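To start, the structure itself, in structure tokens.
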Amino acid sequence: MSQVEAVFPARFAEIARICALVQLEAAAAGFDEKEQFRLQLACDEACTNIIEHAYGGENRGNIRVLIRQRDGSFLIQLHDTGRPFDPSNFELESSRQPSADLAELQEGGWGLHFMHSIMDEVRFDFDMDQGNTLTMIKVHP
Amino acid sequence: MADLATFDVQSMNRVDLVTVSGRIDSSNAGQFDEILKGIVGKGRNNIVLEMNGVSYMSSAGLRALVSTLRTCKRNRGDLRLAAPSERVVDVLKLAGLNSMFSSYPDSVAAVGSF
């Protein structure tokens with residue numbers, strides 16, 4: 001098992017650093033370049049959502065990142081102390097289907113769609129005392 | 001670590017060629033979007049995006065592409081991609097939008113298509 005944990009200020013400019021950590025760990029876990037990119041993308045989208053929706057902007061808290069590889073699964077866990085996340089809204093957005101009609105195409109919501117498409121498991125937990133915890137798991141092929 | 005994005009705009013007779021490289025994410029997608037909006041704001045609705053050097057793009061960059069494509073099409077123009085990198089193509093595929101953008105092997109072919 002390998003595990004790394006780090007805390008980053010909730011700022012957009014920090015997302016590249018978080019992604020670099022994900023890429024490093026994903027490469028060490030044996031994921032190919034395409035999968036390394038996709039794991040970064042899922043984490044990026046999750047961090048962006050935390051900053052935009054949980055904290056409602058930049059510099060309003062931290063994002064604690066935990067990356068763990070164990071028994072063929074790659075886990076990314078993100079924790080924040082922002083507003084609670086409503087999973088029912090998430091289900092609505094994550095089930096979006098790409099539209100073939102440009103005029104009808106929504107410009108938002110892709111991040112959640114990507115997280116679900118890339119990861120094998122996406123789970124949101126909220127604790128009144130501890131805050132939001134997002135757990136994403138990718139099973140190693 | 002992460003390479004910062006660079007944007008270069010070249011105005012031609014009928015087309016504006018925008019060369020993008022580096023990483024496009026939430027930290028700079030706003031700048032990317034403003035550049036594209038600035039072009040269509042001048043009534044220039046034929047745009048080629050040369051994206052061979054884009055090493056990373058999140059949904060924040062995708063939003064700018066979709067928004068600009070919609071505006072260009074509404075104004076009887078188009079946003080066409082030249083040599084999109086593997087990462088850009090992957091993001092378009094994940095979103096199910098790869099068929100929505102016309103793509104060309106290089107900027108010469110893309111500019112010439114208008």
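Residue numbers start at 1 in each chain; chains themselves are named A, B, ... in the order of the structure tokens; ligands are numbered from 1 in the order shown.
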
Write down as a PDB file with N, CA, C and O atoms, in the first residue's frame the residues belonging to chain A that are assigned strand (DSSP E) by DSSP computed on the backbone.
ATOM      1  N   SER A   2       0.491   2.249  -0.754  1.00  0.00           N
ATOM      2  CA  SER A   2       1.169   3.543  -0.667  1.00  0.00           C
ATOM      3  C   SER A   2       0.124   4.625  -0.440  1.00  0.00           C
ATOM      4  O   SER A   2      -1.011   4.515  -0.907  1.00  0.00           O
ATOM      5  N   GLN A   3       0.515   5.648   0.279  1.00  0.00           N
ATOM      6  CA  GLN A   3      -0.451   6.702   0.612  1.00  0.00           C
ATOM      7  C   GLN A   3       0.263   8.040   0.752  1.00  0.00           C
ATOM      8  O   GLN A   3       1.345   8.109   1.344  1.00  0.00           O
ATOM      9  N   VAL A   4      -0.315   9.078   0.183  1.00  0.00           N
ATOM     10  CA  VAL A   4       0.208  10.432   0.389  1.00  0.00           C
ATOM     11  C   VAL A   4      -0.953  11.329   0.798  1.00  0.00           C
ATOM     12  O   VAL A   4      -2.098  11.122   0.381  1.00  0.00           O
ATOM     13  N   GLU A   5      -0.653  12.310   1.597  1.00  0.00           N
ATOM     14  CA  GLU A   5      -1.682  13.238   2.054  1.00  0.00           C
ATOM     15  C   GLU A   5      -1.085  14.632   2.052  1.00  0.00           C
ATOM     16  O   GLU A   5       0.066  14.822   2.464  1.00  0.00           O
ATOM     17  N   ALA A   6      -1.845  15.599   1.592  1.00  0.00           N
ATOM     18  CA  ALA A   6      -1.345  16.975   1.560  1.00  0.00           C
ATOM     19  C   ALA A   6      -2.531  17.946   1.628  1.00  0.00           C
ATOM     20  O   ALA A   6      -3.652  17.590   1.251  1.00  0.00           O
ATOM     21  N   VAL A   7      -2.259  19.135   2.114  1.00  0.00           N
ATOM     22  CA  VAL A   7      -3.304  20.156   2.220  1.00  0.00           C
ATOM     23  C   VAL A   7      -2.935  21.328   1.317  1.00  0.00           C
ATOM     24  O   VAL A   7      -1.785  21.793   1.328  1.00  0.00           O
ATOM     25  N   PHE A   8      -3.905  21.782   0.523  1.00  0.00           N
ATOM     26  CA  PHE A   8      -3.677  22.888  -0.413  1.00  0.00           C
ATOM     27  C   PHE A   8      -4.702  23.991  -0.154  1.00  0.00           C
ATOM     28  O   PHE A   8      -5.871  23.691   0.133  1.00  0.00           O
ATOM     29  N   PRO A   9      -4.310  25.240  -0.308  1.00  0.00           N
ATOM     30  CA  PRO A   9      -5.303  26.319  -0.248  1.00  0.00           C
ATOM     31  C   PRO A   9      -6.294  26.154  -1.403  1.00  0.00           C
ATOM     32  O   PRO A   9      -5.898  25.757  -2.503  1.00  0.00           O
ATOM     33  N   ASN A  62      -9.388  25.233   2.778  1.00  0.00           N
ATOM     34  CA  ASN A  62      -8.372  24.330   2.228  1.00  0.00           C
ATOM     35  C   ASN A  62      -9.023  23.109   1.591  1.00  0.00           C
ATOM     36  O   ASN A  62     -10.189  22.814   1.837  1.00  0.00           O
ATOM     37  N   ILE A  63      -8.220  22.439   0.797  1.00  0.00           N
ATOM     38  CA  ILE A  63      -8.613  21.126   0.265  1.00  0.00           C
ATOM     39  C   ILE A  63      -7.565  20.132   0.757  1.00  0.00           C
ATOM     40  O   ILE A  63      -6.371  20.285   0.474  1.00  0.00           O
ATOM     41  N   ARG A  64      -8.023  19.153   1.504  1.00  0.00           N
ATOM     42  CA  ARG A  64      -7.097  18.107   1.949  1.00  0.00           C
ATOM     43  C   ARG A  64      -7.188  16.935   0.967  1.00  0.00           C
ATOM     44  O   ARG A  64      -8.276  16.441   0.687  1.00  0.00           O
ATOM     45  N   VAL A  65      -6.053  16.562   0.456  1.00  0.00           N
ATOM     46  CA  VAL A  65      -6.001  15.530  -0.577  1.00  0.00           C
ATOM     47  C   VAL A  65      -5.345  14.275  -0.011  1.00  0.00           C
ATOM     48  O   VAL A  65      -4.262  14.342   0.573  1.00  0.00           O
ATOM     49  N   LEU A  66      -6.021  13.173  -0.194  1.00  0.00           N
ATOM     50  CA  LEU A  66      -5.453  11.880   0.193  1.00  0.00           C
ATOM     51  C   LEU A  66      -5.465  10.984  -1.040  1.00  0.00           C
ATOM     52  O   LEU A  66      -6.506  10.846  -1.700  1.00  0.00           O
ATOM     53  N   ILE A  67      -4.317  10.429  -1.369  1.00  0.00           N
ATOM     54  CA  ILE A  67      -4.232   9.497  -2.499  1.00  0.00           C
ATOM     55  C   ILE A  67      -3.678   8.183  -1.968  1.00  0.00           C
ATOM     56  O   ILE A  67      -2.623   8.161  -1.327  1.00  0.00           O
ATOM     57  N   ARG A  68      -4.391   7.124  -2.254  1.00  0.00           N
ATOM     58  CA  ARG A  68      -3.977   5.831  -1.710  1.00  0.00           C
ATOM     59  C   ARG A  68      -4.119   4.752  -2.772  1.00  0.00           C
ATOM     60  O   ARG A  68      -5.135   4.677  -3.469  1.00  0.00           O
ATOM     61  N   GLN A  69      -3.092   3.957  -2.884  1.00  0.00           N
ATOM     62  CA  GLN A  69      -3.144   2.802  -3.780  1.00  0.00           C
ATOM     63  C   GLN A  69      -3.103   1.545  -2.935  1.00  0.00           C
ATOM     64  O   GLN A  69      -2.183   1.362  -2.120  1.00  0.00           O
ATOM     65  N   ARG A  70      -4.112   0.709  -3.108  1.00  0.00           N
ATOM     66  CA  ARG A  70      -4.148  -0.509  -2.304  1.00  0.00           C
ATOM     67  C   ARG A  70      -4.980  -1.574  -3.008  1.00  0.00           C
ATOM     68  O   ARG A  70      -6.080  -1.290  -3.490  1.00  0.00           O
ATOM     69  N   SER A  73      -6.696  -0.896  -6.323  1.00  0.00           N
ATOM     70  CA  SER A  73      -7.572   0.262  -6.479  1.00  0.00           C
ATOM     71  C   SER A  73      -6.818   1.543  -6.138  1.00  0.00           C
ATOM     72  O   SER A  73      -5.948   1.552  -5.257  1.00  0.00           O
ATOM     73  N   PHE A  74      -7.146   2.586  -6.877  1.00  0.00           N
ATOM     74  CA  PHE A  74      -6.496   3.895  -6.724  1.00  0.00           C
ATOM     75  C   PHE A  74      -7.550   4.856  -6.192  1.00  0.00           C
ATOM     76  O   PHE A  74      -8.558   5.110  -6.850  1.00  0.00           O
ATOM     77  N   LEU A  75      -7.324   5.342  -4.998  1.00  0.00           N
ATOM     78  CA  LEU A  75      -8.319   6.173  -4.325  1.00  0.00           C
ATOM     79  C   LEU A  75      -7.842   7.614  -4.232  1.00  0.00           C
ATOM     80  O   LEU A  75      -6.693   7.879  -3.873  1.00  0.00           O
ATOM     81  N   ILE A  76      -8.737   8.531  -4.605  1.00  0.00           N
ATOM     82  CA  ILE A  76      -8.483   9.961  -4.391  1.00  0.00           C
ATOM     83  C   ILE A  76      -9.581  10.463  -3.468  1.00  0.00           C
ATOM     84  O   ILE A  76     -10.772  10.335  -3.779  1.00  0.00           O
ATOM     85  N   GLN A  77      -9.184  11.003  -2.347  1.00  0.00           N
ATOM     86  CA  GLN A  77     -10.170  11.534  -1.413  1.00  0.00           C
ATOM     87  C   GLN A  77      -9.899  13.027  -1.191  1.00  0.00           C
ATOM     88  O   GLN A  77      -8.774  13.419  -0.902  1.00  0.00           O
ATOM     89  N   LEU A  78     -10.941  13.826  -1.349  1.00  0.00           N
ATOM     90  CA  LEU A  78     -10.819  15.282  -1.192  1.00  0.00           C
ATOM     91  C   LEU A  78     -11.744  15.727  -0.065  1.00  0.00           C
ATOM     92  O   LEU A  78     -12.920  15.359  -0.033  1.00  0.00           O
ATOM     93  N   HIS A  79     -11.187  16.513   0.821  1.00  0.00           N
ATOM     94  CA  HIS A  79     -11.984  16.967   1.958  1.00  0.00           C
ATOM     95  C   HIS A  79     -11.994  18.490   2.009  1.00  0.00           C
ATOM     96  O   HIS A  79     -10.962  19.135   1.808  1.00  0.00           O
ATOM     97  N   ASP A  80     -13.187  19.053   2.260  1.00  0.00           N
ATOM     98  CA  ASP A  80     -13.284  20.500   2.417  1.00  0.00           C
ATOM     99  C   ASP A  80     -14.245  20.825   3.552  1.00  0.00           C
ATOM    100  O   ASP A  80     -14.986  19.949   4.009  1.00  0.00           O
ATOM    101  N   GLU A 121     -15.966   4.594  -8.957  1.00  0.00           N
ATOM    102  CA  GLU A 121     -16.838   4.901  -7.824  1.00  0.00           C
ATOM    103  C   GLU A 121     -16.662   6.369  -7.437  1.00  0.00           C
ATOM    104  O   GLU A 121     -15.535   6.863  -7.351  1.00  0.00           O
ATOM    105  N   VAL A 122     -17.764   7.058  -7.240  1.00  0.00           N
ATOM    106  CA  VAL A 122     -17.741   8.459  -6.778  1.00  0.00           C
ATOM    107  C   VAL A 122     -18.733   8.556  -5.623  1.00  0.00           C
ATOM    108  O   VAL A 122     -19.920   8.247  -5.799  1.00  0.00           O
ATOM    109  N   ARG A 123     -18.238   8.965  -4.481  1.00  0.00           N
ATOM    110  CA  ARG A 123     -19.122   9.004  -3.310  1.00  0.00           C
ATOM    111  C   ARG A 123     -18.947  10.307  -2.534  1.00  0.00           C
ATOM    112  O   ARG A 123     -17.828  10.741  -2.286  1.00  0.00           O
ATOM    113  N   PHE A 124     -20.054  10.925  -2.186  1.00  0.00           N
ATOM    114  CA  PHE A 124     -20.026  12.166  -1.400  1.00  0.00           C
ATOM    115  C   PHE A 124     -20.529  11.892   0.011  1.00  0.00           C
ATOM    116  O   PHE A 124     -21.551  11.234   0.192  1.00  0.00           O
ATOM    117  N   ASP A 125     -19.813  12.421   0.970  1.00  0.00           N
ATOM    118  CA  ASP A 125     -20.249  12.317   2.369  1.00  0.00           C
ATOM    119  C   ASP A 125     -20.143  13.694   3.001  1.00  0.00           C
ATOM    120  O   ASP A 125     -19.199  14.439   2.728  1.00  0.00           O
ATOM    121  N   PHE A 126     -21.131  14.010   3.833  1.00  0.00           N
ATOM    122  CA  PHE A 126     -21.067  15.271   4.566  1.00  0.00           C
ATOM    123  C   PHE A 126     -21.280  15.031   6.050  1.00  0.00           C
ATOM    124  O   PHE A 126     -22.174  14.280   6.445  1.00  0.00           O
ATOM    125  N   ASP A 127     -20.431  15.664   6.826  1.00  0.00           N
ATOM    126  CA  ASP A 127     -20.536  15.580   8.275  1.00  0.00           C
ATOM    127  C   ASP A 127     -20.598  17.006   8.826  1.00  0.00           C
ATOM    128  O   ASP A 127     -19.776  17.848   8.452  1.00  0.00           O
ATOM    129  N   GLY A 131     -17.219  18.297   7.676  1.00  0.00           N
ATOM    130  CA  GLY A 131     -17.309  18.888   6.345  1.00  0.00           C
ATOM    131  C   GLY A 131     -17.563  17.861   5.260  1.00  0.00           C
ATOM    132  O   GLY A 131     -18.050  16.757   5.522  1.00  0.00           O
ATOM    133  N   ASN A 132     -17.236  18.220   4.003  1.00  0.00           N
ATOM    134  CA  ASN A 132     -17.477  17.350   2.836  1.00  0.00           C
ATOM    135  C   ASN A 132     -16.291  16.434   2.577  1.00  0.00           C
ATOM    136  O   ASN A 132     -15.141  16.880   2.618  1.00  0.00           O
ATOM    137  N   THR A 133     -16.597  15.195   2.278  1.00  0.00           N
ATOM    138  CA  THR A 133     -15.549  14.270   1.844  1.00  0.00           C
ATOM    139  C   THR A 133     -15.999  13.615   0.544  1.00  0.00           C
ATOM    140  O   THR A 133     -17.068  13.002   0.488  1.00  0.00           O
ATOM    141  N   LEU A 134     -15.195  13.798  -0.478  1.00  0.00           N
ATOM    142  CA  LEU A 134     -15.469  13.167  -1.772  1.00  0.00           C
ATOM    143  C   LEU A 134     -14.464  12.037  -1.967  1.00  0.00           C
ATOM    144  O   LEU A 134     -13.252  12.257  -1.887  1.00  0.00           O
ATOM    145  N   THR A 135     -14.979  10.847  -2.192  1.00  0.00           N
ATOM    146  CA  THR A 135     -14.113   9.691  -2.409  1.00  0.00           C
ATOM    147  C   THR A 135     -14.313   9.185  -3.829  1.00  0.00           C
ATOM    148  O   THR A 135     -15.441   8.909  -4.239  1.00  0.00           O
ATOM    149  N   MET A 136     -13.217   9.107  -4.570  1.00  0.00           N
ATOM    150  CA  MET A 136     -13.280   8.600  -5.955  1.00  0.00           C
ATOM    151  C   MET A 136     -12.296   7.431  -6.069  1.00  0.00           C
ATOM    152  O   MET A 136     -11.144   7.537  -5.629  1.00  0.00           O
ATOM    153  N   ILE A 137     -12.779   6.360  -6.654  1.00  0.00           N
ATOM    154  CA  ILE A 137     -11.934   5.162  -6.762  1.00  0.00           C
ATOM    155  C   ILE A 137     -11.859   4.705  -8.215  1.00  0.00           C
ATOM    156  O   ILE A 137     -12.877   4.639  -8.909  1.00  0.00           O
ATOM    157  N   LYS A 138     -10.652   4.412  -8.641  1.00  0.00           N
ATOM    158  CA  LYS A 138     -10.441   3.819  -9.969  1.00  0.00           C
ATOM    159  C   LYS A 138      -9.793   2.454  -9.761  1.00  0.00           C
ATOM    160  O   LYS A 138      -8.746   2.351  -9.111  1.00  0.00           O
ATOM    161  N   VAL A 139     -10.424   1.440 -10.313  1.00  0.00           N
ATOM    162  CA  VAL A 139      -9.854   0.100 -10.197  1.00  0.00           C
ATOM    163  C   VAL A 139      -8.761  -0.049 -11.230  1.00  0.00           C
ATOM    164  O   VAL A 139      -8.942   0.298 -12.401  1.00  0.00           O
TER     165      VAL A 139
END

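The neighbours of Leu36 of chain B here are the residues that come within 9 Å of it, using only C-alpha atoms and leaving out any residue fewer than 5 positions away in the same chain; they are Val18, Gln31, Gly41, Ile47, Ala64, Leu65 and Thr68 of chain B.
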
Same residues, all heavy atoms, output as a compact mmCIF listing (two decimals), in the first residue's frame:
# COMPACT_ATOMS: atom_id res chain seq x y z
N VAL B 18 -5.93 31.25 -33.77
CA VAL B 18 -5.52 31.34 -32.36
C VAL B 18 -4.68 30.10 -32.04
O VAL B 18 -5.17 28.97 -32.15
CB VAL B 18 -6.75 31.39 -31.42
CG1 VAL B 18 -6.30 31.55 -29.97
CG2 VAL B 18 -7.68 32.52 -31.82
N GLN B 31 -9.41 33.63 -19.09
CA GLN B 31 -8.58 34.41 -20.01
C GLN B 31 -8.75 33.89 -21.44
O GLN B 31 -8.89 34.68 -22.39
CB GLN B 31 -7.10 34.29 -19.59
CG GLN B 31 -6.16 35.12 -20.43
CD GLN B 31 -4.70 34.75 -20.18
OE1 GLN B 31 -4.39 33.90 -19.32
NE2 GLN B 31 -3.81 35.36 -20.93
N GLY B 41 -16.38 39.40 -30.78
CA GLY B 41 -16.91 40.74 -30.47
C GLY B 41 -16.56 41.75 -31.54
O GLY B 41 -17.22 42.79 -31.67
N ILE B 47 -12.99 31.22 -36.92
CA ILE B 47 -11.83 31.07 -36.03
C ILE B 47 -11.23 29.67 -36.19
O ILE B 47 -11.94 28.66 -36.23
CB ILE B 47 -12.25 31.27 -34.56
CG1 ILE B 47 -12.83 32.68 -34.36
CG2 ILE B 47 -11.07 31.06 -33.61
CD1 ILE B 47 -13.37 32.93 -32.95
N ALA B 64 -15.35 27.16 -22.83
CA ALA B 64 -14.97 28.27 -23.71
C ALA B 64 -15.12 27.86 -25.18
O ALA B 64 -15.59 28.65 -26.01
CB ALA B 64 -13.54 28.72 -23.41
N LEU B 65 -14.72 26.63 -25.49
CA LEU B 65 -14.84 26.14 -26.88
C LEU B 65 -16.30 26.08 -27.31
O LEU B 65 -16.66 26.54 -28.40
CB LEU B 65 -14.22 24.74 -27.01
CG LEU B 65 -12.72 24.56 -26.85
CD1 LEU B 65 -12.32 23.15 -27.23
CD2 LEU B 65 -11.97 25.54 -27.73
N THR B 68 -17.92 29.55 -27.69
CA THR B 68 -17.46 30.25 -28.90
C THR B 68 -18.01 29.60 -30.16
O THR B 68 -18.42 30.30 -31.11
CB THR B 68 -15.92 30.28 -28.95
OG1 THR B 68 -15.43 30.81 -27.72
CG2 THR B 68 -15.42 31.13 -30.11

- [ ] Tell me which of B:Asn98, B:Ser67, B:Ser55, B:Ser27 sits closest to Leu81 of chain B, counting only C-alpha atoms.
- [x] B:Asn98

Task: Spatial neighbours of Asn49 of chain A, max dist 10 Å, only C-alpha atoms, sep filter under 6 positions, as a ChimeraX atom specification - done: /A:43,55-57,85,109,111-112

So that I have them on file, write out the residues from the current selection with N, CA and C atoms, as a PDB file, in the first residue's frame.
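What ended up in result05.pdb:
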ATOM      1  N   CYS A  43      -9.858  14.658 -10.765  1.00  0.00           N
ATOM      2  CA  CYS A  43      -9.489  15.374  -9.544  1.00  0.00           C
ATOM      3  C   CYS A  43      -9.610  16.885  -9.740  1.00  0.00           C
ATOM      4  N   TYR A  55     -17.039  26.192  -1.352  1.00  0.00           N
ATOM      5  CA  TYR A  55     -16.519  27.409  -0.724  1.00  0.00           C
ATOM      6  C   TYR A  55     -17.119  28.689  -1.325  1.00  0.00           C
ATOM      7  N   GLY A  56     -17.684  28.585  -2.501  1.00  0.00           N
ATOM      8  CA  GLY A  56     -18.275  29.765  -3.127  1.00  0.00           C
ATOM      9  C   GLY A  56     -17.245  30.781  -3.580  1.00  0.00           C
ATOM     10  N   GLY A  57     -16.042  30.342  -3.825  1.00  0.00           N
ATOM     11  CA  GLY A  57     -14.988  31.240  -4.316  1.00  0.00           C
ATOM     12  C   GLY A  57     -13.622  30.793  -3.810  1.00  0.00           C
ATOM     13  N   PHE A  85     -22.694  19.390   0.290  1.00  0.00           N
ATOM     14  CA  PHE A  85     -23.025  19.064  -1.097  1.00  0.00           C
ATOM     15  C   PHE A  85     -24.294  18.228  -1.124  1.00  0.00           C
ATOM     16  N   GLY A 109     -21.714  21.713 -16.100  1.00  0.00           N
ATOM     17  CA  GLY A 109     -22.026  20.355 -15.679  1.00  0.00           C
ATOM     18  C   GLY A 109     -21.114  19.276 -16.211  1.00  0.00           C
ATOM     19  N   GLY A 111     -17.987  18.822 -15.589  1.00  0.00           N
ATOM     20  CA  GLY A 111     -17.061  18.326 -14.567  1.00  0.00           C
ATOM     21  C   GLY A 111     -17.592  17.106 -13.853  1.00  0.00           C
ATOM     22  N   LEU A 112     -18.843  17.171 -13.443  1.00  0.00           N
ATOM     23  CA  LEU A 112     -19.449  16.035 -12.737  1.00  0.00           C
ATOM     24  C   LEU A 112     -19.590  14.836 -13.671  1.00  0.00           C
TER      25      LEU A 112
END

Taking a cut-off of 10 Å and counting only C-alpha atoms, can you build a table that, for each residue of chain B near chain A, reports the nearest atom pair and how far apart they are in Å (one decimal), sorted by chain then residue number, as JSON lines?
{"residue": "B:Met1", "atom": "CA", "partner": "A:Ala20", "partner_atom": "CA", "distance": 6.8}
{"residue": "B:Ala2", "atom": "CA", "partner": "A:Ala16", "partner_atom": "CA", "distance": 5.9}
{"residue": "B:Asp3", "atom": "CA", "partner": "A:Ala16", "partner_atom": "CA", "distance": 9.0}
{"residue": "B:Leu4", "atom": "CA", "partner": "A:Ala16", "partner_atom": "CA", "distance": 9.7}
{"residue": "B:Arg23", "atom": "CA", "partner": "A:Ala16", "partner_atom": "CA", "distance": 8.7}
{"residue": "B:Ile24", "atom": "CA", "partner": "A:Ala16", "partner_atom": "CA", "distance": 9.8}
{"residue": "B:Asp25", "atom": "CA", "partner": "A:Asp44", "partner_atom": "CA", "distance": 8.1}
{"residue": "B:Ser26", "atom": "CA", "partner": "A:Phe12", "partner_atom": "CA", "distance": 5.9}
{"residue": "B:Ser27", "atom": "CA", "partner": "A:Phe12", "partner_atom": "CA", "distance": 4.8}
{"residue": "B:Asn28", "atom": "CA", "partner": "A:Ala13", "partner_atom": "CA", "distance": 8.6}
{"residue": "B:Ser55", "atom": "CA", "partner": "A:Phe37", "partner_atom": "CA", "distance": 9.5}
{"residue": "B:Tyr56", "atom": "CA", "partner": "A:Phe37", "partner_atom": "CA", "distance": 7.8}
{"residue": "B:Met57", "atom": "CA", "partner": "A:Leu41", "partner_atom": "CA", "distance": 8.1}
{"residue": "B:Ser58", "atom": "CA", "partner": "A:Leu41", "partner_atom": "CA", "distance": 6.2}
{"residue": "B:Ser59", "atom": "CA", "partner": "A:Gly111", "partner_atom": "CA", "distance": 5.9}
{"residue": "B:Ala60", "atom": "CA", "partner": "A:Gly111", "partner_atom": "CA", "distance": 8.3}
{"residue": "B:Leu62", "atom": "CA", "partner": "A:Glu107", "partner_atom": "CA", "distance": 8.2}
{"residue": "B:Arg63", "atom": "CA", "partner": "A:Glu107", "partner_atom": "CA", "distance": 5.3}
{"residue": "B:Ala64", "atom": "CA", "partner": "A:Glu107", "partner_atom": "CA", "distance": 8.4}
{"residue": "B:Leu65", "atom": "CA", "partner": "A:Glu107", "partner_atom": "CA", "distance": 9.4}
{"residue": "B:Val66", "atom": "CA", "partner": "A:Glu107", "partner_atom": "CA", "distance": 6.7}
{"residue": "B:Ser67", "atom": "CA", "partner": "A:Glu107", "partner_atom": "CA", "distance": 6.9}
{"residue": "B:Leu69", "atom": "CA", "partner": "A:Leu102", "partner_atom": "CA", "distance": 8.4}
{"residue": "B:Arg70", "atom": "CA", "partner": "A:Leu102", "partner_atom": "CA", "distance": 6.6}
{"residue": "B:Thr71", "atom": "CA", "partner": "A:Ala103", "partner_atom": "CA", "distance": 9.8}
{"residue": "B:Lys73", "atom": "CA", "partner": "A:Leu102", "partner_atom": "CA", "distance": 9.1}
{"residue": "B:Arg74", "atom": "CA", "partner": "A:Ala103", "partner_atom": "CA", "distance": 9.0}
{"residue": "B:Glu86", "atom": "CA", "partner": "A:Lys34", "partner_atom": "CA", "distance": 8.7}
{"residue": "B:Arg87", "atom": "CA", "partner": "A:Phe37", "partner_atom": "CA", "distance": 7.7}
{"residue": "B:Asp90", "atom": "CA", "partner": "A:Lys34", "partner_atom": "CA", "distance": 8.5}
{"residue": "B:Val91", "atom": "CA", "partner": "A:Phe114", "partner_atom": "CA", "distance": 8.7}
{"residue": "B:Leu94", "atom": "CA", "partner": "A:Phe114", "partner_atom": "CA", "distance": 6.7}
{"residue": "B:Ala95", "atom": "CA", "partner": "A:Pro98", "partner_atom": "CA", "distance": 6.5}
{"residue": "B:Gly96", "atom": "CA", "partner": "A:Pro98", "partner_atom": "CA", "distance": 5.5}
{"residue": "B:Leu97", "atom": "CA", "partner": "A:Pro98", "partner_atom": "CA", "distance": 7.2}
{"residue": "B:Ser99", "atom": "CA", "partner": "A:Ala100", "partner_atom": "CA", "distance": 8.7}
{"residue": "B:Met100", "atom": "CA", "partner": "A:Ala100", "partner_atom": "CA", "distance": 7.5}

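The space separating atom CA of Leu92 of chain B from atom CA of His116 of chain A comes to 15.4 Å.
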
- [ ] May I ask for the distance between atom CA of Ile51 of chain A and atom CA of Ile18 of chain A, given in Å to one decimal place?
- [x]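 One can read the atom CA of Ile51 of chain A to atom CA of Ile18 of chain A distance as 13.3 Å.
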
Task: Atom pair atom CA of Ala10 of chain A / atom CA of Val22 of chain A: separation (Å) - done: 16.4 Å

Open item on the list: as JSON, numbers by chain, please: every residue in chain B that DSSP puts in helix (DSSP H, G or I).
Closed with: {"B": [29, 30, 31, 32, 33, 34, 35, 36, 37, 38, 39, 40, 41, 59, 60, 61, 62, 63, 64, 65, 66, 67, 68, 69, 70, 71, 72, 73, 74, 86, 87, 88, 89, 90, 91, 92, 93, 94, 95, 107, 108, 109, 110, 111, 112]}
